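With CSV, C-alpha atoms inside, this is upload_14.csv:
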chain,number,residue,atom,x,y,z
A,1,MET,CA,96.1,44.8,25.4
A,2,GLU,CA,96.4,42.9,28.6
A,3,LEU,CA,97.9,45.9,30.4
A,4,THR,CA,95.1,48.1,29.1
A,5,HIS,CA,92.5,45.6,30.4
A,6,GLU,CA,94.2,45.4,33.8
A,7,GLY,CA,94.3,49.2,33.9
A,8,HIS,CA,90.6,49.4,33.0
A,9,GLU,CA,89.7,46.8,35.7
A,10,ARG,CA,91.7,48.7,38.3
A,11,ARG,CA,90.0,52.0,37.4
A,12,LEU,CA,86.6,50.3,37.6
A,13,GLY,CA,87.6,48.7,40.9
A,14,LEU,CA,88.6,52.1,42.3
A,15,MET,CA,85.3,53.6,41.3
A,16,LEU,CA,83.4,50.8,42.9
A,17,ALA,CA,85.5,51.1,46.0
A,18,PHE,CA,84.7,54.8,46.4
A,19,GLY,CA,81.1,54.1,45.7
A,20,ALA,CA,81.1,51.5,48.5
A,21,LEU,CA,82.8,54.0,50.7
A,22,ILE,CA,79.8,56.4,50.3
A,23,TRP,CA,77.2,53.8,50.9
A,24,THR,CA,79.1,52.5,54.0
A,25,GLY,CA,78.9,56.0,55.4
A,26,THR,CA,75.1,55.8,55.5
A,27,PHE,CA,75.1,52.6,57.6
A,28,ASN,CA,75.5,54.1,61.1
A,29,ALA,CA,73.4,57.1,60.5
A,30,LEU,CA,70.4,55.3,59.0
A,31,ALA,CA,70.7,52.4,61.5
A,32,LYS,CA,70.9,54.8,64.4
A,33,GLY,CA,67.5,56.2,63.4
A,34,LEU,CA,66.0,52.7,63.5
A,35,THR,CA,67.4,51.4,66.8
A,36,PRO,CA,64.8,53.2,69.0
A,37,PHE,CA,62.0,51.3,67.3
A,38,LEU,CA,63.5,47.9,66.6
A,39,SER,CA,65.6,45.5,68.6
A,40,PRO,CA,69.0,44.5,67.1
A,41,MET,CA,67.7,41.1,66.2
A,42,THR,CA,64.6,42.3,64.5
A,43,LEU,CA,66.4,45.1,62.6
A,44,LEU,CA,69.0,42.5,61.4
A,45,LEU,CA,66.2,40.1,60.3
A,46,LEU,CA,64.3,42.8,58.4
A,47,SER,CA,67.3,44.4,56.8
A,48,GLU,CA,68.7,41.0,55.6
A,49,ALA,CA,65.2,40.0,54.2
A,50,LEU,CA,64.8,43.3,52.3
A,51,THR,CA,68.4,43.0,50.9
A,52,ALA,CA,67.5,39.5,49.7
A,53,VAL,CA,64.4,40.9,48.1
A,54,PHE,CA,66.4,43.6,46.3
A,55,ILE,CA,68.9,41.0,45.0
A,56,ILE,CA,66.1,38.8,43.7
A,57,ILE,CA,64.3,41.7,42.0
A,58,THR,CA,67.6,42.8,40.3
A,59,PHE,CA,69.0,39.4,39.2
A,60,GLY,CA,66.0,37.0,39.4
A,61,LEU,CA,65.4,34.1,41.7
A,62,VAL,CA,65.7,31.3,39.0
A,63,PRO,CA,69.2,32.4,37.8
A,64,LEU,CA,70.5,32.7,41.3
A,65,VAL,CA,69.2,29.2,42.3
A,66,LYS,CA,70.7,27.7,39.2
A,67,GLU,CA,74.1,29.3,40.0
A,68,ALA,CA,73.8,28.1,43.6
A,69,LEU,CA,73.2,24.5,42.5
A,70,ARG,CA,76.4,24.6,40.4
A,71,LEU,CA,78.5,25.4,43.4
A,72,PRO,CA,80.6,22.6,45.0
A,73,ALA,CA,79.5,21.6,48.5
A,74,SER,CA,82.8,22.9,50.0
A,75,THR,CA,82.2,26.3,48.4
A,76,LEU,CA,78.7,26.4,49.6
A,77,ARG,CA,79.8,25.7,53.2
A,78,ILE,CA,82.3,28.5,53.0
A,79,CYS,CA,79.5,30.8,51.7
A,80,VAL,CA,77.4,29.9,54.7
A,81,LEU,CA,80.3,30.6,57.1
A,82,TYR,CA,81.0,33.9,55.3
A,83,GLY,CA,77.3,34.8,55.7
A,84,LEU,CA,77.3,34.0,59.4
A,85,LEU,CA,80.3,36.3,59.9
A,86,ASN,CA,79.3,39.2,57.8
A,87,SER,CA,75.5,39.1,57.8
A,88,ALA,CA,74.7,37.7,61.2
A,89,LEU,CA,77.5,38.4,63.8
A,90,ALA,CA,78.9,41.7,62.4
A,91,PRO,CA,75.5,43.5,61.9
A,92,LEU,CA,74.2,42.1,65.2
A,93,PHE,CA,77.2,43.6,67.0
A,94,TRP,CA,76.9,46.9,65.2
A,95,PHE,CA,73.1,47.3,65.9
A,96,THR,CA,73.6,46.4,69.5
A,97,GLY,CA,76.5,48.9,69.8
A,98,LEU,CA,74.5,51.7,68.1
A,99,LYS,CA,71.9,51.5,70.9
A,100,TYR,CA,74.6,52.6,73.4
A,101,THR,CA,76.8,54.9,71.4
A,102,SER,CA,76.5,57.7,68.9
A,103,ALA,CA,76.8,57.4,65.1
A,104,VAL,CA,79.9,59.5,65.2
A,105,ASN,CA,81.6,57.1,67.6
A,106,ALA,CA,80.5,54.2,65.5
A,107,SER,CA,81.8,55.7,62.3
A,108,ILE,CA,85.2,56.3,63.9
A,109,LEU,CA,85.5,52.9,65.6
A,110,SER,CA,84.5,51.1,62.4
A,111,SER,CA,87.9,52.0,61.0
A,112,ALA,CA,89.2,49.1,63.2
A,113,ASP,CA,88.1,46.7,60.4
A,114,VAL,CA,90.7,48.3,58.1
A,115,VAL,CA,93.5,47.4,60.4
A,116,ALA,CA,92.1,43.9,60.9
A,117,PHE,CA,91.6,43.5,57.2
A,118,LEU,CA,95.1,44.6,56.4
A,119,ILE,CA,96.7,42.3,59.0
A,120,LEU,CA,94.6,39.3,58.0
A,121,GLY,CA,95.2,40.0,54.3
A,122,GLN,CA,98.9,39.8,54.9
A,123,ILE,CA,98.6,36.6,56.9
A,124,PHE,CA,96.1,34.6,54.9
A,125,LEU,CA,96.3,36.2,51.4
A,126,GLY,CA,100.1,36.9,51.3
A,127,GLU,CA,99.5,40.4,50.0
A,128,ARG,CA,102.5,42.8,50.4
A,129,ILE,CA,102.0,46.4,51.5
A,130,THR,CA,103.9,48.7,49.1
A,131,ARG,CA,105.8,51.7,50.4
A,132,MET,CA,103.2,54.2,49.2
A,133,GLN,CA,100.5,52.2,50.8
A,134,PHE,CA,102.4,52.2,54.1
A,135,TYR,CA,102.8,56.0,53.9
A,136,GLY,CA,99.1,56.3,53.1
A,137,LEU,CA,98.1,54.0,55.9
A,138,ALA,CA,100.4,55.9,58.4
A,139,THR,CA,98.7,59.2,57.4
A,140,ILE,CA,95.2,57.6,57.7
A,141,VAL,CA,96.0,56.2,61.1
A,142,LEU,CA,97.3,59.7,62.2
A,143,GLY,CA,93.9,61.1,61.0
A,144,ILE,CA,92.0,58.5,63.0
A,145,LEU,CA,94.0,59.3,66.1
A,146,VAL,CA,93.4,63.0,65.7
A,147,MET,CA,89.7,62.4,65.3
A,148,ASN,CA,89.6,60.1,68.3
A,149,PHE,CA,91.8,61.8,70.9
A,150,ALA,CA,92.7,65.4,69.9
A,151,GLY,CA,89.4,66.8,71.2
A,152,GLY,CA,89.5,65.1,74.6
A,153,SER,CA,86.6,63.2,76.1
A,154,GLU,CA,84.1,65.6,74.4
A,155,SER,CA,84.3,63.9,71.0
A,156,PHE,CA,85.2,60.3,72.0
A,157,GLN,CA,83.3,59.1,75.1
A,158,GLY,CA,83.7,55.6,76.4
A,159,HIS,CA,80.5,53.5,75.9
A,160,VAL,CA,79.6,49.9,76.2
A,161,GLY,CA,78.5,50.1,72.6
A,162,ASP,CA,82.1,50.8,71.5
A,163,ILE,CA,83.1,47.3,72.4
A,164,TYR,CA,80.3,45.9,70.3
A,165,ILE,CA,81.3,48.0,67.3
A,166,LEU,CA,84.9,46.8,67.5
A,167,CYS,CA,83.7,43.2,67.7
A,168,GLY,CA,81.5,43.8,64.6
A,169,SER,CA,84.4,45.3,62.7
A,170,PHE,CA,86.6,42.3,63.4
A,171,SER,CA,83.9,39.9,62.3
A,172,ALA,CA,83.4,41.8,59.1
A,173,ALA,CA,87.1,41.8,58.4
A,174,CYS,CA,87.3,38.0,58.9
A,175,GLY,CA,84.4,37.5,56.5
A,176,SER,CA,85.9,39.8,53.8
A,177,VAL,CA,89.2,38.0,53.9
A,178,LEU,CA,87.4,34.6,53.7
A,179,PHE,CA,85.6,35.9,50.6
A,180,LYS,CA,88.8,37.1,49.0
A,181,LYS,CA,90.6,33.9,49.6
A,182,TYR,CA,87.9,31.3,48.7
A,183,LEU,CA,85.0,33.0,47.0
A,184,SER,CA,86.5,35.4,44.5
A,185,HIS,CA,85.3,33.1,41.7
A,186,VAL,CA,81.7,33.2,42.9
A,187,MET,CA,79.4,35.8,41.4
A,188,PRO,CA,79.2,38.6,44.1
A,189,GLU,CA,75.4,38.8,43.8
A,190,LEU,CA,75.1,35.0,44.5
A,191,ALA,CA,77.5,35.2,47.4
A,192,ILE,CA,75.5,38.1,48.9
A,193,ALA,CA,72.2,36.2,48.4
A,194,ILE,CA,73.6,33.1,50.2
A,195,ARG,CA,74.9,35.1,53.0
A,196,ASN,CA,71.5,36.8,53.4
A,197,VAL,CA,69.7,33.5,53.5
A,198,SER,CA,72.2,32.1,56.0
A,199,ALA,CA,71.8,35.1,58.2
A,200,ILE,CA,68.0,35.0,58.0
A,201,ILE,CA,67.9,31.4,59.0
A,202,ALA,CA,70.4,31.8,61.8
A,203,VAL,CA,68.7,34.9,63.3
A,204,ALA,CA,65.3,33.3,63.0
A,205,ILE,CA,66.5,30.2,65.0
A,206,VAL,CA,68.2,32.4,67.7
A,207,GLY,CA,65.2,34.7,67.9
A,208,THR,CA,62.9,31.7,68.4
A,209,ILE,CA,65.1,30.3,71.2
A,210,MET,CA,65.3,33.7,72.8
A,211,GLN,CA,61.6,34.2,72.4
A,212,ILE,CA,61.9,37.5,70.6
A,213,SER,CA,58.5,38.7,69.3
A,214,VAL,CA,59.3,40.0,65.8
A,215,VAL,CA,55.6,40.3,64.9
A,216,ASP,CA,54.9,42.6,67.8
A,217,GLU,CA,57.8,44.8,67.0
A,218,VAL,CA,56.9,45.0,63.3
A,219,SER,CA,53.2,45.8,64.1
A,220,ALA,CA,54.3,48.6,66.5
A,221,PHE,CA,56.8,50.0,64.0
A,222,PRO,CA,55.8,53.6,63.0
A,223,LEU,CA,54.7,54.0,59.4
A,224,GLN,CA,56.7,57.2,58.9
A,225,LYS,CA,59.9,55.2,59.5
A,226,VAL,CA,59.2,52.6,56.7
A,227,LEU,CA,60.9,54.8,54.1
A,228,LEU,CA,64.0,55.0,56.4
A,229,LEU,CA,64.0,51.2,56.8
A,230,LEU,CA,63.8,50.7,53.0
A,231,ALA,CA,66.6,53.3,52.5
A,232,PHE,CA,68.8,51.5,55.0
A,233,ALA,CA,68.2,48.1,53.3
A,234,PHE,CA,68.8,49.5,49.8
A,235,PHE,CA,71.7,51.9,50.2
A,236,SER,CA,73.5,50.8,53.4
A,237,ARG,CA,73.1,47.0,52.8
A,238,TYR,CA,72.4,46.1,49.1
A,239,LEU,CA,74.4,48.8,47.2
A,240,ASN,CA,77.1,48.8,49.8
A,241,LEU,CA,77.6,45.0,49.6
A,242,ALA,CA,77.3,44.9,45.8
A,243,PHE,CA,79.9,47.7,45.3
A,244,PHE,CA,82.3,46.4,47.9
A,245,TYR,CA,82.5,42.8,46.6
A,246,GLU,CA,82.6,43.9,42.9
A,247,ALA,CA,85.6,46.1,43.9
A,248,LEU,CA,87.1,43.3,45.9
A,249,GLN,CA,87.3,41.1,42.8
A,250,ARG,CA,89.2,43.8,40.9
A,251,LEU,CA,91.5,45.2,43.6
A,252,PRO,CA,94.0,43.8,46.2
A,253,ALA,CA,92.5,43.5,49.6
A,254,THR,CA,95.1,45.9,51.0
A,255,THR,CA,94.2,48.7,48.5
A,256,LEU,CA,90.4,48.2,49.2
A,257,SER,CA,91.0,48.2,52.9
A,258,LEU,CA,93.0,51.5,52.8
A,259,ILE,CA,90.2,53.1,50.8
A,260,GLN,CA,87.7,51.8,53.3
A,261,ALA,CA,89.8,53.6,56.0
A,262,ALA,CA,88.0,56.8,54.9
A,263,THR,CA,84.8,55.4,56.4
A,264,PRO,CA,85.0,57.9,59.3
A,265,LEU,CA,84.9,60.7,56.7
A,266,SER,CA,81.7,59.5,55.0
A,267,GLY,CA,80.2,58.4,58.3
A,268,LEU,CA,80.7,61.8,60.0
A,269,THR,CA,79.2,63.5,57.0
A,270,PHE,CA,76.0,61.4,57.0
A,271,ALA,CA,75.8,61.6,60.8
A,272,TYR,CA,75.7,65.3,60.5
A,273,LEU,CA,73.3,65.5,57.5
A,274,LEU,CA,70.8,62.9,58.6
A,275,LEU,CA,71.0,63.0,62.4
A,276,GLY,CA,72.4,66.5,63.1
A,277,GLU,CA,75.1,65.2,65.4
A,278,THR,CA,77.9,67.6,66.3
A,279,ILE,CA,81.2,67.4,64.4
A,280,HIS,CA,84.2,68.8,66.2
A,281,SER,CA,87.2,70.6,64.8
A,282,ASN,CA,89.5,67.7,65.5
A,283,GLN,CA,87.3,65.4,63.5
A,284,ILE,CA,87.4,67.7,60.5
A,285,LEU,CA,91.2,67.9,60.8
A,286,GLY,CA,91.4,64.1,61.1
A,287,CYS,CA,89.3,63.8,57.9
A,288,GLY,CA,91.8,66.0,56.1
A,289,PHE,CA,94.6,63.6,57.1
A,290,ILE,CA,92.5,60.7,55.9
A,291,ILE,CA,91.9,62.3,52.5
A,292,CYS,CA,95.7,63.0,52.1
A,293,GLY,CA,96.4,59.4,53.1
A,294,LEU,CA,94.1,58.1,50.4
A,295,MET,CA,95.8,60.3,47.8
A,296,ILE,CA,99.2,59.0,48.9
A,297,GLU,CA,98.0,55.4,48.9
A,298,ASN,CA,96.8,55.7,45.3
A,299,LEU,CA,100.2,56.9,44.0
A,300,SER,CA,101.8,53.7,42.8
A,301,PRO,CA,105.6,53.2,42.7
A,302,LYS,CA,105.4,53.4,38.9
A,303,SER,CA,104.0,56.9,39.1
A,304,MET,CA,106.9,58.2,41.1
A,305,PRO,CA,109.5,58.5,38.3
A,306,ALA,CA,106.9,60.4,36.2
A,307,MET,CA,106.4,62.8,39.2
A,308,HIS,CA,110.2,63.3,39.4
A,309,ARG,CA,110.5,64.0,35.7
A,310,PHE,CA,107.6,66.5,36.0
A,311,ARG,CA,109.3,68.2,38.9
A,312,ASN,CA,112.6,68.4,37.0
A,313,ALA,CA,110.9,69.8,34.0
A,314,LEU,CA,109.4,72.6,36.1
A,315,TRP,CA,112.8,73.3,37.7
A,316,HIS,CA,114.5,73.6,34.3
A,317,LEU,CA,111.7,76.0,33.2
A,318,HIS,CA,112.3,78.1,36.2
A,319,VAL,CA,116.1,78.1,36.1
A,320,ARG,CA,117.2,78.3,32.5
A,321,LYS,CA,120.8,77.7,31.6
A,322,GLN,CA,122.6,80.8,30.6
A,323,PRO,CA,123.9,80.8,27.0
A,324,LYS,CA,127.7,80.3,26.7
A,325,LYS,CA,129.7,83.4,25.8
A,326,ASN,CA,131.9,83.4,22.7
A,327,LEU,CA,135.4,83.3,24.0
A,328,VAL,CA,137.1,85.1,21.0
A,329,MET,CA,140.6,86.5,21.5
A,330,PRO,CA,140.8,90.2,20.7
A,331,LEU,CA,142.9,91.1,17.7
A,332,LEU,CA,146.3,92.4,18.6
A,333,PRO,CA,147.9,95.4,16.8
A,334,ARG,CA,150.3,94.5,14.1
A,335,ASN,CA,153.1,96.4,15.6
A,336,VAL,CA,153.1,94.4,18.8

Could you render the structure as C-alpha cells?
Amino acid sequence: MELTHEGHERRLGLMLAFGALIWTGTFNALAKGLTPFLSPMTLLLLSEALTAVFIIITFGLVPLVKEALRLPASTLRICVLYGLLNSALAPLFWFTGLKYTSAVNASILSSADVVAFLILGQIFLGERITRMQFYGLATIVLGILVMNFAGGSESFQGHVGDIYILCGSFSAACGSVLFKKYLSHVMPELAIAIRNVSAIIAVAIVGTIMQISVVDEVSAFPLQKVLLLLAFAFFSRYLNLAFFYEALQRLPATTLSLIQAATPLSGLTFAYLLLGETIHSNQILGCGFIICGLMIENLSPKSMPAMHRFRNALWHLHVRKQPKKNLVMPLLPRNV
C-alpha cells in the first residue's frame, strides 16, 4: 500500500512538474509584451500584488492568516528570505533583462537555473544524481548548447540583459533550494502568499527610496494591455508557482530541476506564438535533444531490467530456436 501511495504521489508530482513547465514558458513572452509600458519595479509590484489577490480569492484570507500565525518565528523568517530571493530579486533581474534582450534569449538563458538548482541540491540537500538522470542531463545540456551556439551569432546575441537573466536564474535556484530544505512542511499556497507580501513590501520601500512614480505609470498604462497583465499574473506567476511548489513537495529537487530544463522548449514555443519571434533550425534541433533528455531522465534504474526482458522477448520471437531432429539409427539388414 505504501509503495502504491508513493507511486501515485510521484505520478502526480510529474504531472504538476510538466504543468509548471508549460506555465513557466509563458513568463518571458508575456512579460516581454509588458516591459515597453511598465518599468521593472512597477511590473514586479503589480504582478506580485495580483498574484496575492488570486491566492486570497482561491484559498481565503482568514485561513491563510491563521496558518501564518501558527508558523514558528524561525520558519517565518526563512519564508521572508525565500520571498526576497524568488519574488523580489529574481523577477526584478528578469524584468530588467527582458528590456534589453529577446524572449528567445531569455528562455534559453533561464536554463541556467537548472544547473544551479542541481548543484545546490547536491550540496545542501544531499540528493544523489542517478545514472539515468546524468545521461538525461547530458542530453539536455547538449540540446541547450546546440540551441545557443550552433546557429552562430544570429540566434544568440550578446546583450546586457543576458547578465541580468543569469543573475535572476541563480537567485531563483537559491530560493527553491531554500524552500525544499526548510519549508517543505509549509503549505505551498501559504509560502507563496508570504513571499508575495515580502516582495511587495520590499519593492515598495525600494521604489519609494528611488522615487519611482508607480501611480503615473499605472495611469498611463494602455487599457488594451490590462488583459495581458492579468494573464501574466495568473498563468506565469500564480499557476506557475502553485504547480512548481506542489511538485517540489512530491519529487526530488534533482528530478524537478531536470524537467525544468525543458523551459527553453516551452519558452521558444510561446515566444513564437505570442510575439512572433523567429525560431531557428538549431533551436528546433536543440529542443529535440531536450525532449530526448527528459525521456531518458524519467527512465528509473528499476525500469531497465524490464526493458532488457522486453528486448530479449522480441529477440526470441524474431529468432526462434530450431526444433531438434530425431537422431534415430537406421535399421541394418539382418544379413550384415

**Item:** Residues within 10 Å of Ser107 of chain A, only C-alpha atoms, excluding chain neighbours under 5 positions, as a list in words
**Value:** Thr24, Gly25, Thr26, Phe27, Asn28, Ala29, Ser102, Ala112, Ile165, Ala262, Thr263, Pro264, Leu265, Ser266, Gly267, Leu268, Thr269, Phe270 and Ala271 of chain A

(message) Around (64.8, 43.6, 45.4), as given in the file, which residues come within 12 Å? Count only C-alpha atoms and list them as a list in words.
(response) Ser47, Glu48, Ala49, Leu50, Thr51, Ala52, Val53, Phe54, Ile55, Ile56, Ile57, Thr58, Phe59, Gly60, Leu61, Glu189, Ala193, Leu230, Ala233, Phe234, Phe235, Arg237, Tyr238 and Leu239 of chain A

Inset, instruction - Find the residue from A:Glu217, A:Leu92, A:His8, A:Ser39 that sits nearest to Ile200 of chain A; use only C-alpha atoms when measuring. - result: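 When distances to Ile200 of chain A are compared using only C-alpha atoms, the smallest one comes from A:Leu92.
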
Distance criterion (only C-alpha atoms): nearest to Leu274 of chain A out of A:Val160, A:Ala31, A:Ile201, A:Ala191:
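Answer, going by the shortest atom-to-atom distance: A:Ala31.
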
All residues 9 Å or closer to Asp162 of chain A, all atoms listed in the file, same chain fewer than 6 positions away omitted, as a PyMOL selection string: chain A and resi 97-98+100-101+105-106+109

Please, which residues in segment 43-119 of chain A fall within 10 Å of segment 123-131 of chain A when counting all atoms listed in the file, and what is the closest atom pair and distance in Å to one decimal for each, ordered by chain then residue number, as a Markdown table?
| residue | atom | partner | partner_atom | distance |
| --- | --- | --- | --- | --- |
| A:Phe117 | CA | A:Ile123 | CA | 9.8 |
| A:Leu118 | CA | A:Ile129 | CA | 8.7 |
| A:Ile119 | CA | A:Ile123 | CA | 6.4 |

Top pick for closest residue to Ser74 of chain A, considering A:Leu183, A:Ile209, A:Met41, A:Leu227 and counting all atoms listed in the file
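So, comparing all the options, the nearest one is A:Leu183.
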
The distance between atom CA of Leu285 of chain A and atom CA of Pro252 of chain A is 28.3 Å

Q. Which one is closest to Trp23 of chain A: A:Ala220, A:Leu166, A:Ala231, A:Ala88? Count all atoms listed in the file.
A.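 Looking at the shortest contact to Trp23 of chain A, the residue is A:Ala231.
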
Q) Counting all atoms listed in the file, which residues come within 12 Å of (84.8, 55.2, 45.8), with the point read in the file's coordinates, and could you list them as a count of residues only? A) 31

If you count all atoms listed in the file, the residue of A:Ala90, A:Gln249, A:Tyr272, A:Ile78 closest to His185 of chain A turns out to be A:Gln249

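When atom CA of Leu248 of chain A is paired with atom CA of Gln122 of chain A, their separation reads 15.2 Å.
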
Margin query: Restricting the calculation to only C-alpha atoms: of A:Phe289, A:Phe221, A:Tyr245, A:Phe170, which residue gets closest to Tyr135 of chain A?
Written below: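 Using only C-alpha atoms, the shortest distance to Tyr135 of chain A belongs to A:Phe289.
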
Pairwise distance for atom CA of Thr208 of chain A and atom CA of Gln224 of chain A, rounded to one decimal in Å: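 Taking atom CA of Thr208 of chain A and atom CA of Gln224 of chain A, their separation equals 27.9 Å.
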
- request: Would you mind listing what lies within 10 Å of segment 81-83 of chain A as a ChimeraX atom specification, with only C-alpha atoms counted and same-chain residues fewer than 2 positions away left out?
  value: /A:75-79,85-90,171-172,174-179,182-183,191-200,202

Restrict the output to segment 232-245 of chain A and C-alpha atoms, then write it as a PDB file, in the first residue's frame.
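Saved result, out22.pdb, follows:
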ATOM      1  CA  PHE A 232       0.801  37.204 -16.861  1.00  0.00           C
ATOM      2  CA  ALA A 233      -0.118  37.401 -13.178  1.00  0.00           C
ATOM      3  CA  PHE A 234      -2.464  34.386 -13.337  1.00  0.00           C
ATOM      4  CA  PHE A 235      -0.655  31.957 -15.650  1.00  0.00           C
ATOM      5  CA  SER A 236       3.021  32.943 -15.438  1.00  0.00           C
ATOM      6  CA  ARG A 237       3.047  33.773 -11.728  1.00  0.00           C
ATOM      7  CA  TYR A 238       0.154  32.203  -9.809  1.00  0.00           C
ATOM      8  CA  LEU A 239      -0.333  28.870 -11.616  1.00  0.00           C
ATOM      9  CA  ASN A 240       3.378  28.532 -12.292  1.00  0.00           C
ATOM     10  CA  LEU A 241       4.260  28.917  -8.611  1.00  0.00           C
ATOM     11  CA  ALA A 242       1.410  26.712  -7.365  1.00  0.00           C
ATOM     12  CA  PHE A 243       2.272  23.848  -9.740  1.00  0.00           C
ATOM     13  CA  PHE A 244       6.019  24.149  -9.137  1.00  0.00           C
ATOM     14  CA  TYR A 245       5.939  24.008  -5.347  1.00  0.00           C
TER      15      TYR A 245
END
